[in-house]
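Raw target.txt, compact mmCIF, C-alpha atoms:
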# COMPACT_ATOMS: atom_id res chain seq x y z
CA MET H 1 83.89 78.57 106.95
CA ALA H 2 80.33 78.99 105.62
CA TYR H 3 81.42 78.77 102.01
CA ALA H 4 83.44 75.61 102.63
CA ALA H 5 80.60 74.08 104.63
CA THR H 6 78.20 74.70 101.76
CA LEU H 7 80.55 72.96 99.36
CA MET H 8 80.86 70.00 101.70
CA SER H 9 77.08 69.68 101.96
CA MET H 10 76.89 69.64 98.16
CA ASN H 11 79.54 66.91 98.00
CA PRO H 12 79.00 64.33 100.73
CA HIS H 13 81.73 62.02 99.45
CA PRO H 14 84.83 61.81 101.68
CA THR H 15 87.16 62.46 98.75
CA HIS H 16 87.09 65.30 96.23
CA PRO H 17 86.63 64.57 92.50
CA VAL H 18 89.37 65.42 90.05
CA VAL H 19 88.86 68.58 87.98
CA ALA H 20 91.10 69.11 84.93
CA GLY H 21 93.83 66.92 86.37
CA ARG H 22 93.76 68.51 89.82
CA SER H 23 91.85 67.76 92.99
CA TYR H 24 88.61 69.64 93.52
CA HIS H 25 90.26 71.51 96.41
CA GLY H 26 93.23 72.44 94.24
CA ALA H 27 91.02 73.65 91.41
CA MET H 28 88.93 75.78 93.77
CA THR H 29 92.06 77.24 95.39
CA ALA H 30 93.42 78.19 91.97
CA ALA H 31 90.09 79.77 91.00
CA ARG H 32 89.98 81.80 94.22
CA SER H 33 93.57 82.92 93.69
CA SER H 34 92.84 84.00 90.12
CA GLU H 35 89.75 85.97 91.16
CA ALA H 36 91.61 87.61 94.06
CA GLU H 37 94.36 88.71 91.66
CA ARG H 38 91.80 90.14 89.26
CA LEU H 39 90.07 92.11 92.00
CA LEU H 40 93.40 93.31 93.38
CA THR H 41 94.48 94.63 90.00
CA LEU H 42 91.16 96.44 89.53
CA ALA H 43 91.40 97.94 93.02
CA ALA H 44 94.95 99.18 92.36
CA GLU H 45 93.90 100.76 89.06
CA HIS H 46 90.94 102.47 90.71
CA MET H 47 93.09 103.87 93.53
CA LEU H 48 95.70 105.16 91.12
CA THR H 49 93.06 106.92 89.02
CA HIS H 50 90.68 108.16 91.72
CA GLY H 51 92.74 108.17 94.93
CA VAL H 52 91.89 106.77 98.35
CA SER H 53 90.76 109.80 100.31
CA GLN H 54 87.43 108.91 101.96
CA LEU H 55 87.23 105.74 99.83
CA SER H 56 85.09 103.17 101.60
CA LEU H 57 85.07 99.42 101.07
CA SER H 58 81.56 99.68 99.60
CA GLN H 59 82.59 102.38 97.16
CA LEU H 60 85.60 100.38 96.02
CA ALA H 61 83.51 97.22 95.69
CA ARG H 62 80.96 98.96 93.47
CA ALA H 63 83.67 100.56 91.36
CA ILE H 64 85.30 97.22 90.56
CA GLY H 65 82.09 95.25 90.12
CA SER H 66 82.18 93.33 93.39
CA ASN H 67 80.66 93.61 96.86
CA ASN H 68 81.82 93.87 100.47
CA ARG H 69 81.23 90.21 101.23
CA MET H 70 83.39 88.96 98.38
CA LEU H 71 86.20 91.43 99.05
CA LEU H 72 86.31 90.44 102.72
CA TYR H 73 86.21 86.76 101.73
CA TYR H 74 89.31 87.17 99.58
CA PHE H 75 91.24 89.75 101.63
CA GLU H 76 89.87 89.37 105.21
CA SER H 77 89.75 93.10 106.02
CA LYS H 78 89.55 96.50 104.41
CA ASP H 79 93.02 97.35 105.75
CA ALA H 80 94.56 94.21 104.22
CA LEU H 81 92.86 94.84 100.88
CA PHE H 82 93.87 98.51 100.72
CA ALA H 83 97.46 97.70 101.70
CA ALA H 84 97.71 95.00 99.03
CA ALA H 85 96.11 97.22 96.38
CA LEU H 86 98.43 100.13 97.17
CA ARG H 87 101.41 97.80 97.01
CA ARG H 88 100.20 96.52 93.62
CA ALA H 89 99.78 100.10 92.39
CA TYR H 90 103.29 101.12 93.49
CA GLU H 91 104.72 98.09 91.65
CA GLY H 92 103.59 99.74 88.42
CA MET H 93 105.54 102.93 89.05
CA PRO H 94 107.97 103.39 86.12
CA ALA H 95 110.79 104.56 88.42
CA GLU H 96 110.39 101.43 90.54
CA ARG H 97 111.89 99.34 87.74
CA THR H 98 114.97 101.47 87.08
CA LEU H 99 115.77 103.88 89.89
CA LEU H 100 116.80 101.42 92.60
CA ALA H 101 118.86 99.31 90.21
CA HIS H 102 120.55 102.49 88.99
CA LEU H 103 121.50 103.48 92.54
CA GLN H 104 123.04 100.09 93.23
CA ARG H 105 125.51 100.26 90.35
CA PRO H 106 129.12 101.14 91.08
CA GLY H 107 129.98 104.78 90.43
CA ASP H 108 129.93 108.19 92.06
CA ILE H 109 127.10 108.18 94.59
CA ARG H 110 126.35 111.91 94.32
CA THR H 111 126.07 111.73 90.53
CA GLN H 112 123.83 108.70 90.75
CA LEU H 113 121.60 110.34 93.36
CA GLY H 114 121.10 113.32 91.05
CA GLU H 115 120.21 111.05 88.16
CA ALA H 116 117.91 108.97 90.34
CA TRP H 117 116.05 112.05 91.60
CA ARG H 118 115.44 113.18 88.03
CA MET H 119 114.04 109.73 87.20
CA LEU H 120 111.77 109.92 90.24
CA ARG H 121 110.29 113.36 89.55
CA ALA H 122 109.55 112.54 85.88
CA PRO H 123 105.91 113.25 84.88
CA GLU H 124 104.97 109.58 84.49
CA ASN H 125 105.72 108.98 88.19
CA VAL H 126 103.65 111.89 89.53
CA PRO H 127 100.36 109.91 89.85
CA TYR H 128 102.16 107.33 92.01
CA ILE H 129 103.74 110.04 94.16
CA ARG H 130 100.34 111.65 94.63
CA LEU H 131 98.82 108.31 95.67
CA PHE H 132 101.68 107.71 98.13
CA PHE H 133 101.07 110.97 99.98
CA GLU H 134 97.30 110.65 99.85
CA ALA H 135 97.40 107.09 101.21
CA PHE H 136 99.76 108.10 103.99
CA GLY H 137 97.63 111.08 105.01
CA THR H 138 94.49 108.95 105.00
CA ALA H 139 96.09 106.15 107.01
CA VAL H 140 97.57 108.33 109.74
CA ARG H 141 94.13 109.75 110.57
CA ASP H 142 93.22 106.28 111.83
CA PRO H 143 96.45 104.36 112.49
CA ASP H 144 94.73 101.56 114.39
CA GLY H 145 92.41 100.85 111.48
CA ASN H 146 95.11 101.20 108.84
CA ARG H 147 98.05 99.41 110.43
CA SER H 148 98.91 97.30 107.37
CA GLN H 149 98.85 100.34 105.11
CA LEU H 150 101.16 102.32 107.38
CA THR H 151 103.57 99.39 107.62
CA ASP H 152 103.66 99.03 103.85
CA ILE H 153 104.07 102.75 103.22
CA ALA H 154 106.97 102.88 105.67
CA ALA H 155 108.60 99.97 103.84
CA VAL H 156 108.66 101.71 100.44
CA TRP H 157 112.33 101.79 99.38
CA PRO H 158 114.29 102.11 102.68
CA GLY H 159 115.87 98.66 102.46
CA GLU H 160 116.81 99.00 98.79
CA VAL H 161 118.22 102.50 99.27
CA GLN H 162 120.23 101.31 102.27
CA ARG H 163 121.70 98.50 100.14
CA ALA H 164 122.68 101.08 97.53
CA PHE H 165 124.78 102.94 100.10
CA VAL H 166 126.39 99.65 101.17
CA VAL H 167 127.36 99.06 97.53
CA HIS H 168 129.06 102.45 97.63
CA GLY H 169 131.17 101.51 100.64
CA TYR H 170 129.04 102.60 103.60
CA ALA H 171 129.00 100.47 106.73
CA GLU H 172 125.58 98.99 107.53
CA ALA H 173 124.76 101.46 110.32
CA ASP H 174 125.98 104.43 108.27
CA ALA H 175 124.04 103.17 105.22
CA GLU H 176 120.83 103.03 107.24
CA ALA H 177 121.30 106.62 108.44
CA ALA H 178 122.20 107.77 104.92
CA ALA H 179 119.08 106.12 103.48
CA SER H 180 116.92 107.90 106.07
CA ARG H 181 118.44 111.26 105.16
CA LEU H 182 117.99 110.68 101.45
CA LEU H 183 114.37 109.53 101.71
CA ALA H 184 113.55 112.53 103.91
CA LEU H 185 115.03 114.79 101.25
CA TRP H 186 113.21 113.05 98.40
CA ARG H 187 109.85 113.06 100.17
CA GLY H 188 110.14 116.76 100.94
CA LEU H 189 110.98 117.50 97.32
CA GLN H 190 108.17 115.26 96.07
CA PHE H 191 105.74 117.21 98.25
CA ALA H 192 107.00 120.43 96.65
CA LEU H 193 106.68 118.82 93.22
CA LEU H 194 102.99 118.12 93.89
CA GLU H 195 102.60 121.74 94.99
CA GLY H 196 103.77 122.83 91.54
CA VAL H 197 107.34 123.97 92.21
CA ASP H 198 109.24 123.88 88.92
CA THR H 199 111.67 121.03 88.37
CA ASP H 200 114.72 123.26 87.76
CA THR H 201 114.32 124.72 91.24
CA LEU H 202 113.82 121.25 92.75
CA ASP H 203 116.81 119.80 90.90
CA ASP H 204 119.06 122.60 92.14
CA ALA H 205 117.80 122.17 95.71
CA HIS H 206 118.37 118.43 95.45
CA ASP H 207 121.93 118.67 94.21
CA ARG H 208 122.89 121.25 96.85
CA ALA H 209 121.37 119.12 99.60
CA VAL H 210 123.11 115.96 98.36
CA ALA H 211 126.48 117.77 98.35
CA ALA H 212 125.89 118.80 101.96
CA LEU H 213 124.45 115.48 103.19
CA PHE H 214 126.96 113.21 101.47
CA PRO H 215 130.29 115.03 101.26
CA ASP H 216 133.44 113.37 99.95
Show me this structure written as structure tokens.
Amino acid sequence: MAYAATLMSMNPHPTHPVVAGRSYHGAMTAARSSEAERLLTLAAEHMLTHGVSQLSLSQLARAIGSNNRMLLYYFESKDALFAAALRRAYEGMPAERTLLAHLQRPGDIRTQLGEAWRMLRAPENVPYIRLFFEAFGTAVRDPDGNRSQLTDIAAVWPGEVQRAFVVHGYAEADAEAAASRLLALWRGLQFALLEGVDTDTLDDAHDRAVAALFPD
């Protein structure tokens, strides 16, 4: 690549010098990795605060103190960068750390689903829920240009939720169907939450739906 060729022209020796106990190549790889992580974190923070609707690569680059060329150097494409940044943002969701583990504990599945829903709709998770729906809506307008984002959005939680149903005694095929039903319910209720429907109404709708979807 042009960057690598420039480095080679600056260092005509066939072997790389040692930098801080590592090869020159190893040191440069570590530096690139560190800078990519820094930019990724900044991008995730910007998306969580400002959203992604109509966000261009140039706008994101300016917001995080970079430029298009450097972002494409580190992440190869806008789609790859946006997918990685969204994934990084979702990793910070408070419910991400507790909800799935809670579901996978032994106990009554309907009780745990009710508790998990209440964790999910807590106020501190609302910015992440808003970003999820906004990113999905933006990506589906141009699925060919946002393939990585759509793949990542579709992968949010299904596998972990399916494993939770397996823990509670469901066969694999039944667990997959149960996870699909639950996520459809949760996403519908999250949409209503963003619309401003009060949580008491949503909690009651959730518990009634769970009783119907997952009977004894």
Shortest interatomic distance to Ala212 in chain H - which of H:Leu182, H:Phe191, H:Leu57, H:Glu37, counting only C-alpha atoms
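Among the listed residues, the smallest separation from Ala212 in chain H belongs to H:Leu182.
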Just checking: using all atoms listed in the file, which residue out of H:Leu71, H:Ala44, H:Leu103, H:Leu113 ends up closest to Ala83 in chain H?
H:Ala44
With all atoms listed in the file as the atoms that count, which of H:Ala171, H:Val166, H:Ala139, H:Ala192 lies nearest to Gln54 in chain H?
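Ranked by minimum distance to Gln54 in chain H, first place goes to H:Ala139.
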Nearest-residue call for Asp198 in chain H, choices H:Ala179, H:Ala116, H:Leu150, H:Ala122, using only C-alpha atoms:
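So, comparing all the options, the nearest one is H:Ala122.
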In Å, how far is it from CA of Gly92 in chain H to CA of Pro127 in chain H?
10.8 Å
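Proximity to Trp117 in chain H at 10 Å, evaluated using all atoms listed in the file and with sequence-adjacent residues fewer than 2 positions away removed, yields Ala95, Leu99, Gln112, Leu113, Gly114, Glu115, Met119, Leu120, Arg121, Ala122, Trp186, Leu189, Gln190, Leu202, Asp203, His206 and Asp207 of chain H.
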Just to confirm, what's the straight-line distance from CA of Arg110 in chain H to CA of Ala175 in chain H in Å (one decimal)?
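Taking CA of Arg110 in chain H as the start and CA of Ala175 in chain H as the end point, the length is 14.2 Å.
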Separation of CA of Arg181 in chain H and CA of Arg88 in chain H, in Å?
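CA of Arg88 in chain H lies 26.1 Å from CA of Arg181 in chain H.
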Give the answer as one residue: which of H:Ala209, H:Ala101, H:Ala80, H:Leu48 has the shortest atom-to-atom distance to Gly188 in chain H, using all atoms listed in the file?
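Looking only at the distances to Gly188 in chain H, the closest residue turns out to be H:Ala209.
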In terms of only C-alpha atoms, the residue from H:Ala43, H:Ala85, H:Leu131, H:Ala36 at minimal distance from Met70 in chain H is H:Ala36
List as a PDB file with C-alpha atoms, in the coordinates of the input: which residues have an atom within 12 Å of (83.2, 99.3, 93.0), counting all atoms listed in the file?
ATOM      1  CA  LEU H  39      90.070  92.110  92.000  1.00  0.00           C
ATOM      2  CA  LEU H  40      93.400  93.310  93.380  1.00  0.00           C
ATOM      3  CA  LEU H  42      91.160  96.440  89.530  1.00  0.00           C
ATOM      4  CA  ALA H  43      91.400  97.940  93.020  1.00  0.00           C
ATOM      5  CA  ALA H  44      94.950  99.180  92.360  1.00  0.00           C
ATOM      6  CA  GLU H  45      93.900 100.760  89.060  1.00  0.00           C
ATOM      7  CA  HIS H  46      90.940 102.470  90.710  1.00  0.00           C
ATOM      8  CA  MET H  47      93.090 103.870  93.530  1.00  0.00           C
ATOM      9  CA  HIS H  50      90.680 108.160  91.720  1.00  0.00           C
ATOM     10  CA  LEU H  55      87.230 105.740  99.830  1.00  0.00           C
ATOM     11  CA  SER H  56      85.090 103.170 101.600  1.00  0.00           C
ATOM     12  CA  LEU H  57      85.070  99.420 101.070  1.00  0.00           C
ATOM     13  CA  SER H  58      81.560  99.680  99.600  1.00  0.00           C
ATOM     14  CA  GLN H  59      82.590 102.380  97.160  1.00  0.00           C
ATOM     15  CA  LEU H  60      85.600 100.380  96.020  1.00  0.00           C
ATOM     16  CA  ALA H  61      83.510  97.220  95.690  1.00  0.00           C
ATOM     17  CA  ARG H  62      80.960  98.960  93.470  1.00  0.00           C
ATOM     18  CA  ALA H  63      83.670 100.560  91.360  1.00  0.00           C
ATOM     19  CA  ILE H  64      85.300  97.220  90.560  1.00  0.00           C
ATOM     20  CA  GLY H  65      82.090  95.250  90.120  1.00  0.00           C
ATOM     21  CA  SER H  66      82.180  93.330  93.390  1.00  0.00           C
ATOM     22  CA  ASN H  67      80.660  93.610  96.860  1.00  0.00           C
ATOM     23  CA  ASN H  68      81.820  93.870 100.470  1.00  0.00           C
ATOM     24  CA  MET H  70      83.390  88.960  98.380  1.00  0.00           C
ATOM     25  CA  LEU H  71      86.200  91.430  99.050  1.00  0.00           C
TER      26      LEU H  71
END
I need every residue sitting at most 12 Å from the point (99.9, 94.5, 107.0) (coordinates as in the file, all atoms listed in the file considered), written as a list in words.
Phe75, Glu76, Ser77, Lys78, Asp79, Ala80, Leu81, Phe82, Ala83, Ala84, Ala85, Leu86, Arg87, Pro143, Asp144, Gly145, Asn146, Arg147, Ser148, Gln149, Leu150, Thr151, Asp152, Ile153, Ala154 and Ala155 of chain H
Padding 6 Å on each side, edges along x, y and z: where is the centre of the box around the listed atoms of range 102-115 of chain H, and how long are its edges in Å to one decimal? Output it as lines of an AutoDock Vina configuration file.
center_x = 125.1
center_y = 106.7
center_z = 91.4
size_x = 21.8
size_y = 25.2
size_z = 18.4
